[in-house]
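In what follows, a structure is listed as structure tokens, so that the remarks can point back to it.
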Amino acid sequence: MAKVLDFFKDSYVEITEKVTWPTWSQLQSSAVIVLVASLLIALVVFVMDKASSVGLEFLYGIAF
């Protein structure tokens with residue numbers, strides 16, 4: 001049980017004293033980067049889906 005308590009104590013010390021937390025502006029710019037990257041990936045997946053749909057429609061001669 002002592003090892004478990006030591007683990008939690010060490011974890012708390014590490015989080016409060018050793019971790020470097022980002023500033024508010026760094027956090028905002030990171031969030032914008034993640035948002036833009038997510039939108040770009042969604043757009044790429046959408047284009048690939050539409051292209052495969054059109055390709056299969058042409059290949060099989062049916063409409064989905």
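Here, A, B, ... name the chains of the structure tokens in the order displayed, residue numbers run from 1 inside each chain, and ligands are numbered from 1 in the same displayed order.
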Practice item. Run DSSP on the backbone and grab whatever in chain A lands in alpha helix (DSSP H); send it over as a ChimeraX atom specification. Key: /A:2-13,24-60
Can you write just those residues out, N, CA and C atoms, as a short mmCIF file (atom, residue, chain, number, x, y, z; two decimals), in the first residue's frame?
data_model
loop_
_atom_site.label_atom_id
_atom_site.label_comp_id
_atom_site.auth_asym_id
_atom_site.auth_seq_id
_atom_site.Cartn_x
_atom_site.Cartn_y
_atom_site.Cartn_z
N ALA A 2 2.03 1.18 0.62
CA ALA A 2 2.92 2.34 0.69
C ALA A 2 3.42 2.72 -0.70
N LYS A 3 3.63 1.71 -1.55
CA LYS A 3 4.10 2.01 -2.91
C LYS A 3 3.04 2.76 -3.70
N VAL A 4 1.80 2.42 -3.49
CA VAL A 4 0.71 3.11 -4.19
C VAL A 4 0.64 4.56 -3.74
N LEU A 5 0.74 4.81 -2.45
CA LEU A 5 0.72 6.18 -1.94
C LEU A 5 1.92 6.97 -2.44
N ASP A 6 3.08 6.35 -2.47
CA ASP A 6 4.27 7.02 -3.02
C ASP A 6 4.08 7.37 -4.48
N PHE A 7 3.45 6.48 -5.22
CA PHE A 7 3.19 6.75 -6.63
C PHE A 7 2.33 7.99 -6.80
N PHE A 8 1.23 8.07 -6.01
CA PHE A 8 0.35 9.23 -6.13
C PHE A 8 1.04 10.51 -5.66
N LYS A 9 1.85 10.43 -4.61
CA LYS A 9 2.59 11.61 -4.15
C LYS A 9 3.57 12.08 -5.22
N ASP A 10 4.32 11.15 -5.80
CA ASP A 10 5.27 11.50 -6.84
C ASP A 10 4.58 12.06 -8.08
N SER A 11 3.43 11.49 -8.42
CA SER A 11 2.66 11.98 -9.57
C SER A 11 2.21 13.42 -9.34
N TYR A 12 1.74 13.70 -8.13
CA TYR A 12 1.29 15.04 -7.80
C TYR A 12 2.44 16.04 -7.88
N VAL A 13 3.58 15.68 -7.33
CA VAL A 13 4.76 16.55 -7.37
C VAL A 13 5.18 16.80 -8.82
N TRP A 24 -1.93 30.60 -22.22
CA TRP A 24 -3.25 30.66 -22.85
C TRP A 24 -3.13 30.88 -24.35
N SER A 25 -2.22 31.73 -24.79
CA SER A 25 -2.07 32.00 -26.23
C SER A 25 -1.50 30.78 -26.95
N GLN A 26 -0.59 30.06 -26.33
CA GLN A 26 -0.08 28.82 -26.93
C GLN A 26 -1.19 27.78 -27.06
N LEU A 27 -2.03 27.71 -26.05
CA LEU A 27 -3.14 26.77 -26.07
C LEU A 27 -4.13 27.11 -27.17
N GLN A 28 -4.42 28.40 -27.35
CA GLN A 28 -5.33 28.83 -28.40
C GLN A 28 -4.76 28.54 -29.79
N SER A 29 -3.49 28.83 -29.99
CA SER A 29 -2.90 28.59 -31.30
C SER A 29 -2.84 27.10 -31.60
N SER A 30 -2.58 26.28 -30.60
CA SER A 30 -2.60 24.83 -30.80
C SER A 30 -4.00 24.34 -31.15
N ALA A 31 -5.00 24.91 -30.51
CA ALA A 31 -6.38 24.52 -30.80
C ALA A 31 -6.76 24.89 -32.23
N VAL A 32 -6.30 26.04 -32.69
CA VAL A 32 -6.57 26.46 -34.07
C VAL A 32 -5.89 25.51 -35.06
N ILE A 33 -4.67 25.13 -34.76
CA ILE A 33 -3.94 24.20 -35.64
C ILE A 33 -4.66 22.86 -35.71
N VAL A 34 -5.13 22.36 -34.57
CA VAL A 34 -5.86 21.09 -34.55
C VAL A 34 -7.16 21.21 -35.33
N LEU A 35 -7.86 22.32 -35.18
CA LEU A 35 -9.11 22.53 -35.90
C LEU A 35 -8.88 22.55 -37.41
N VAL A 36 -7.88 23.29 -37.86
CA VAL A 36 -7.59 23.38 -39.29
C VAL A 36 -7.16 22.02 -39.84
N ALA A 37 -6.30 21.31 -39.12
CA ALA A 37 -5.87 19.98 -39.56
C ALA A 37 -7.04 19.02 -39.63
N SER A 38 -7.94 19.08 -38.67
CA SER A 38 -9.12 18.21 -38.67
C SER A 38 -10.02 18.50 -39.87
N LEU A 39 -10.20 19.77 -40.16
CA LEU A 39 -11.02 20.13 -41.32
C LEU A 39 -10.38 19.67 -42.62
N LEU A 40 -9.06 19.82 -42.74
CA LEU A 40 -8.38 19.36 -43.95
C LEU A 40 -8.48 17.85 -44.11
N ILE A 41 -8.30 17.11 -43.04
CA ILE A 41 -8.41 15.65 -43.11
C ILE A 41 -9.83 15.25 -43.47
N ALA A 42 -10.83 15.91 -42.88
CA ALA A 42 -12.23 15.62 -43.22
C ALA A 42 -12.50 15.91 -44.69
N LEU A 43 -11.93 16.98 -45.20
CA LEU A 43 -12.11 17.31 -46.62
C LEU A 43 -11.47 16.26 -47.52
N VAL A 44 -10.28 15.81 -47.17
CA VAL A 44 -9.61 14.77 -47.95
C VAL A 44 -10.42 13.48 -47.94
N VAL A 45 -10.94 13.09 -46.79
CA VAL A 45 -11.75 11.88 -46.70
C VAL A 45 -13.03 12.04 -47.51
N PHE A 46 -13.65 13.21 -47.47
CA PHE A 46 -14.85 13.47 -48.25
C PHE A 46 -14.58 13.35 -49.75
N VAL A 47 -13.48 13.94 -50.19
CA VAL A 47 -13.12 13.87 -51.62
C VAL A 47 -12.84 12.42 -52.03
N MET A 48 -12.13 11.68 -51.20
CA MET A 48 -11.85 10.28 -51.52
C MET A 48 -13.15 9.46 -51.56
N ASP A 49 -14.08 9.73 -50.67
CA ASP A 49 -15.35 9.03 -50.65
C ASP A 49 -16.15 9.33 -51.92
N LYS A 50 -16.22 10.59 -52.27
CA LYS A 50 -16.96 10.96 -53.48
C LYS A 50 -16.30 10.39 -54.72
N ALA A 51 -14.98 10.40 -54.78
CA ALA A 51 -14.27 9.86 -55.95
C ALA A 51 -14.51 8.36 -56.08
N SER A 52 -14.45 7.65 -54.97
CA SER A 52 -14.71 6.20 -55.05
C SER A 52 -16.17 5.92 -55.39
N SER A 53 -17.08 6.75 -54.90
CA SER A 53 -18.49 6.58 -55.21
C SER A 53 -18.74 6.79 -56.71
N VAL A 54 -18.15 7.84 -57.25
CA VAL A 54 -18.30 8.12 -58.68
C VAL A 54 -17.65 7.01 -59.50
N GLY A 55 -16.49 6.55 -59.07
CA GLY A 55 -15.80 5.48 -59.79
C GLY A 55 -16.60 4.19 -59.79
N LEU A 56 -17.15 3.81 -58.66
CA LEU A 56 -17.97 2.59 -58.59
C LEU A 56 -19.26 2.74 -59.37
N GLU A 57 -19.84 3.93 -59.31
CA GLU A 57 -21.06 4.19 -60.08
C GLU A 57 -20.79 4.05 -61.57
N PHE A 58 -19.66 4.56 -62.02
CA PHE A 58 -19.29 4.44 -63.43
C PHE A 58 -19.00 2.98 -63.78
N LEU A 59 -18.31 2.28 -62.90
CA LEU A 59 -17.93 0.89 -63.15
C LEU A 59 -19.14 -0.02 -63.22
N TYR A 60 -20.08 0.13 -62.31
CA TYR A 60 -21.22 -0.77 -62.26
C TYR A 60 -22.44 -0.21 -62.97
#
